[in-house]
file run.txt (compact mmCIF, C-alpha atoms)
# COMPACT_ATOMS: atom_id res chain seq x y z
CA MET O 1 -25.14 -53.40 -1.97
CA LEU O 2 -23.40 -51.83 1.03
CA ASN O 3 -20.08 -52.03 -0.81
CA ARG O 4 -21.56 -50.14 -3.77
CA ILE O 5 -22.91 -47.33 -1.52
CA PHE O 6 -19.55 -47.09 0.24
CA LYS O 7 -17.72 -46.74 -3.10
CA THR O 8 -20.14 -44.03 -4.25
CA VAL O 9 -19.75 -42.04 -1.00
CA LEU O 10 -15.98 -42.48 -1.10
CA LEU O 11 -15.86 -41.29 -4.71
CA GLY O 12 -18.05 -38.28 -3.84
CA VAL O 13 -15.83 -37.29 -0.92
CA PHE O 14 -12.72 -37.68 -3.08
CA ALA O 15 -14.25 -35.48 -5.80
CA LEU O 16 -15.21 -32.85 -3.22
CA VAL O 17 -11.68 -32.76 -1.78
CA ILE O 18 -10.12 -32.44 -5.23
CA THR O 19 -12.45 -29.62 -6.36
CA THR O 20 -12.01 -27.59 -3.18
CA THR O 21 -8.24 -28.00 -3.36
CA PHE O 22 -7.95 -26.72 -6.91
CA THR O 23 -10.63 -24.03 -6.73
CA SER O 24 -9.82 -22.52 -3.36
CA CYS O 25 -9.35 -18.76 -3.43
CA LYS O 26 -5.91 -17.30 -3.16
CA LYS O 27 -5.81 -14.01 -1.33
CA GLU O 28 -4.23 -11.36 -3.48
CA LYS O 29 -1.16 -9.68 -2.08
CA GLU O 30 -1.57 -6.12 -0.93
CA THR O 31 -0.09 -3.18 -2.80
CA ILE O 32 2.16 -1.45 -0.27
CA ALA O 33 4.06 1.83 -0.41
CA VAL O 34 6.90 2.26 2.08
CA ILE O 35 8.32 5.75 2.48
CA ILE O 36 11.59 6.37 4.31
CA VAL O 37 12.39 9.99 5.20
CA LYS O 38 16.00 11.08 5.56
CA ASP O 39 17.72 14.40 6.11
CA ILE O 40 20.50 15.77 3.88
CA ASN O 41 23.08 13.85 5.92
CA GLY O 42 21.33 10.52 5.30
CA ASN O 43 19.92 10.19 8.84
CA VAL O 44 16.35 8.94 9.19
CA VAL O 45 13.88 11.48 10.56
CA PRO O 46 11.02 10.42 12.88
CA GLU O 47 7.63 12.14 13.26
CA VAL O 48 7.53 13.53 9.71
CA LEU O 49 4.09 14.01 8.16
CA VAL O 50 4.01 12.07 4.88
CA LYS O 51 1.21 12.58 2.37
CA LEU O 52 0.57 10.40 -0.69
CA SER O 53 -1.77 11.92 -3.27
CA PRO O 54 -2.56 11.69 -6.97
CA GLU O 55 -1.88 14.51 -9.41
CA PRO O 56 -4.59 17.13 -8.74
CA ILE O 57 -7.29 17.47 -11.38
CA LEU O 58 -9.63 20.46 -11.45
CA SER O 59 -13.32 19.69 -11.45
CA PRO O 60 -15.71 21.64 -13.73
CA SER O 61 -16.55 23.88 -10.75
CA GLY O 62 -12.87 24.84 -10.44
CA GLU O 63 -12.41 23.02 -7.14
CA LEU O 64 -9.83 20.36 -6.30
CA PRO O 65 -11.78 17.28 -5.20
CA GLU O 66 -10.28 15.14 -2.44
CA SER O 67 -9.29 11.73 -3.76
CA GLU O 68 -9.76 8.44 -1.92
CA LEU O 69 -6.15 7.73 -2.90
CA THR O 70 -4.89 10.56 -0.67
CA LYS O 71 -3.47 9.23 2.60
CA THR O 72 -1.36 10.80 5.34
CA ASN O 73 0.56 9.36 8.26
CA TYR O 74 3.62 10.06 10.41
CA THR O 75 6.95 8.28 10.20
CA ASP O 76 7.97 6.01 13.06
CA ALA O 77 11.22 6.13 15.05
CA ASN O 78 13.04 4.62 12.03
CA GLY O 79 11.83 7.34 9.67
CA ARG O 80 9.53 4.84 7.98
CA VAL O 81 5.83 4.92 7.14
CA GLN O 82 3.71 2.40 5.25
CA PHE O 83 0.54 2.83 3.16
CA THR O 84 -1.64 0.04 1.78
CA TYR O 85 -3.70 0.29 -1.42
CA GLU O 86 -5.89 -2.17 -3.32
CA LEU O 87 -4.70 -1.26 -6.81
CA GLU O 88 -1.52 0.04 -8.37
CA ALA O 89 -1.05 3.79 -8.68
CA ILE O 90 1.44 6.56 -9.35
CA LEU O 91 1.32 9.05 -6.49
CA ASN O 92 3.09 12.20 -5.35
CA VAL O 93 4.92 11.92 -2.04
CA LYS O 94 5.29 14.98 0.18
CA ALA O 95 7.09 14.90 3.53
CA THR O 96 6.97 17.91 5.87
CA ILE O 97 8.18 18.66 9.37
CA THR O 98 8.61 21.80 11.47
CA ILE O 99 11.58 21.86 13.82
CA ASP O 100 11.72 24.92 16.06
CA ASN O 101 10.67 27.66 13.60
CA ASP O 102 12.11 25.99 10.51
CA ASP O 103 10.02 24.12 7.95
CA PHE O 104 11.58 21.20 6.11
CA GLU O 105 10.06 19.54 3.08
CA GLY O 106 10.84 16.84 0.58
CA THR O 107 9.00 15.45 -2.43
CA ASN O 108 9.18 12.42 -4.68
CA ILE O 109 6.98 10.23 -6.87
CA ILE O 110 6.19 6.59 -6.20
CA ARG O 111 4.89 4.01 -8.66
CA MET O 112 3.24 1.13 -6.88
CA LEU O 113 2.70 -2.17 -8.68
CA LYS O 114 -0.25 -4.39 -7.77
CA GLY O 115 0.64 -7.01 -5.18
CA LYS O 116 4.15 -5.62 -4.62
CA THR O 117 5.86 -3.59 -1.92
CA THR O 118 7.53 -0.46 -3.28
CA THR O 119 9.98 1.58 -1.20
CA LYS O 120 10.93 5.21 -1.84
CA VAL O 121 13.31 7.48 0.03
CA VAL O 122 12.39 11.13 0.46
CA GLU O 123 15.09 13.60 1.44
CA ILE O 124 13.95 16.64 3.40
CA SER O 125 15.88 19.88 3.44
call {"tool": "encode", "arguments": {"input": "run.txt", "output": "structure tokens"}}
result
Amino acid sequence: MLNRIFKTVLLGVFALVITTTFTSCKKEKETIAVIIVKDINGNVVPEVLVKLSPEPILSPSGELPESELTKTNYTDANGRVQFTYELEAILNVKATITIDNDDFEGTNIIRMLKGKTTTKVVEIS
């Protein structure tokens, strides 16, 4: 009798281990956009304001609504900035900096694929 209960409990534990092993959730990889800002000489530029945004669409009222996809951040000392999104997207990239009284700007387009890291270089001039 005790042997039969032991076998039943052992079989139950084994089944539980197998089902949790095969049905455990895998965390999806993040969709990451990495922007590297360089000048016309190919040198990286720190402290550049980088903005990622979708193509603007006019609302019926004629206003441009702010999208939750729009994100801004500054480049680090290596001229690099990173943005994380949940889904894939195609976004406009705009990099701007003011040095002394001169404004420098660069643009590009980035296509991010779900679960991948996509890198784009933006040249400012």
call {"tool": "residues_around", "arguments": {"input": "run.txt", "residues": "Gly115 (chain O)", "least_positions_apart": "6", "cutoff": "12 Å", "atoms": "only C-alpha atoms", "output": "list in words"}}
result
Lys27, Glu28, Lys29, Glu30, Thr31, Ile32, Ala33, Thr84, Tyr85, Glu86, Leu87, Glu88 and Ala89 of chain O
call {"tool": "closest_residue", "arguments": {"input": "run.txt", "among": "O:Thr118, O:Asn108, O:Thr72, O:Thr8", "to": "Leu49 (chain O)", "atoms": "all atoms listed in the file"}}
result
O:Thr72
call {"tool": "closest_residue", "arguments": {"input": "run.txt", "among": "O:Glu55, O:Asp76, O:Asp102, O:Glu68", "to": "Ile36 (chain O)", "atoms": "only C-alpha atoms"}}
result
O:Asp76
call {"tool": "closest_residue", "arguments": {"input": "run.txt", "among": "O:Lys71, O:Ala77, O:Val50, O:Val34", "to": "Lys116 (chain O)", "atoms": "only C-alpha atoms"}}
result
O:Val34
call {"tool": "atom_distance", "arguments": {"input": "run.txt", "atom1": "CA of Ser67 (chain O)", "atom2": "CA of Thr98 (chain O)"}}
result
25.6 Å
call {"tool": "atom_distance", "arguments": {"input": "run.txt", "atom1": "CA of Lys51 (chain O)", "atom2": "CA of Ala95 (chain O)"}}
result
6.4 Å
call {"tool": "closest_residue", "arguments": {"input": "run.txt", "among": "O:Thr70, O:Ile109, O:Ile90, O:Thr96", "to": "Asp39 (chain O)", "atoms": "only C-alpha atoms"}}
result
O:Thr96
call {"tool": "closest_residue", "arguments": {"input": "run.txt", "among": "O:Val44, O:Gln82, O:Thr75, O:Val37", "to": "Thr107 (chain O)", "atoms": "all atoms listed in the file"}}
result
O:Val37
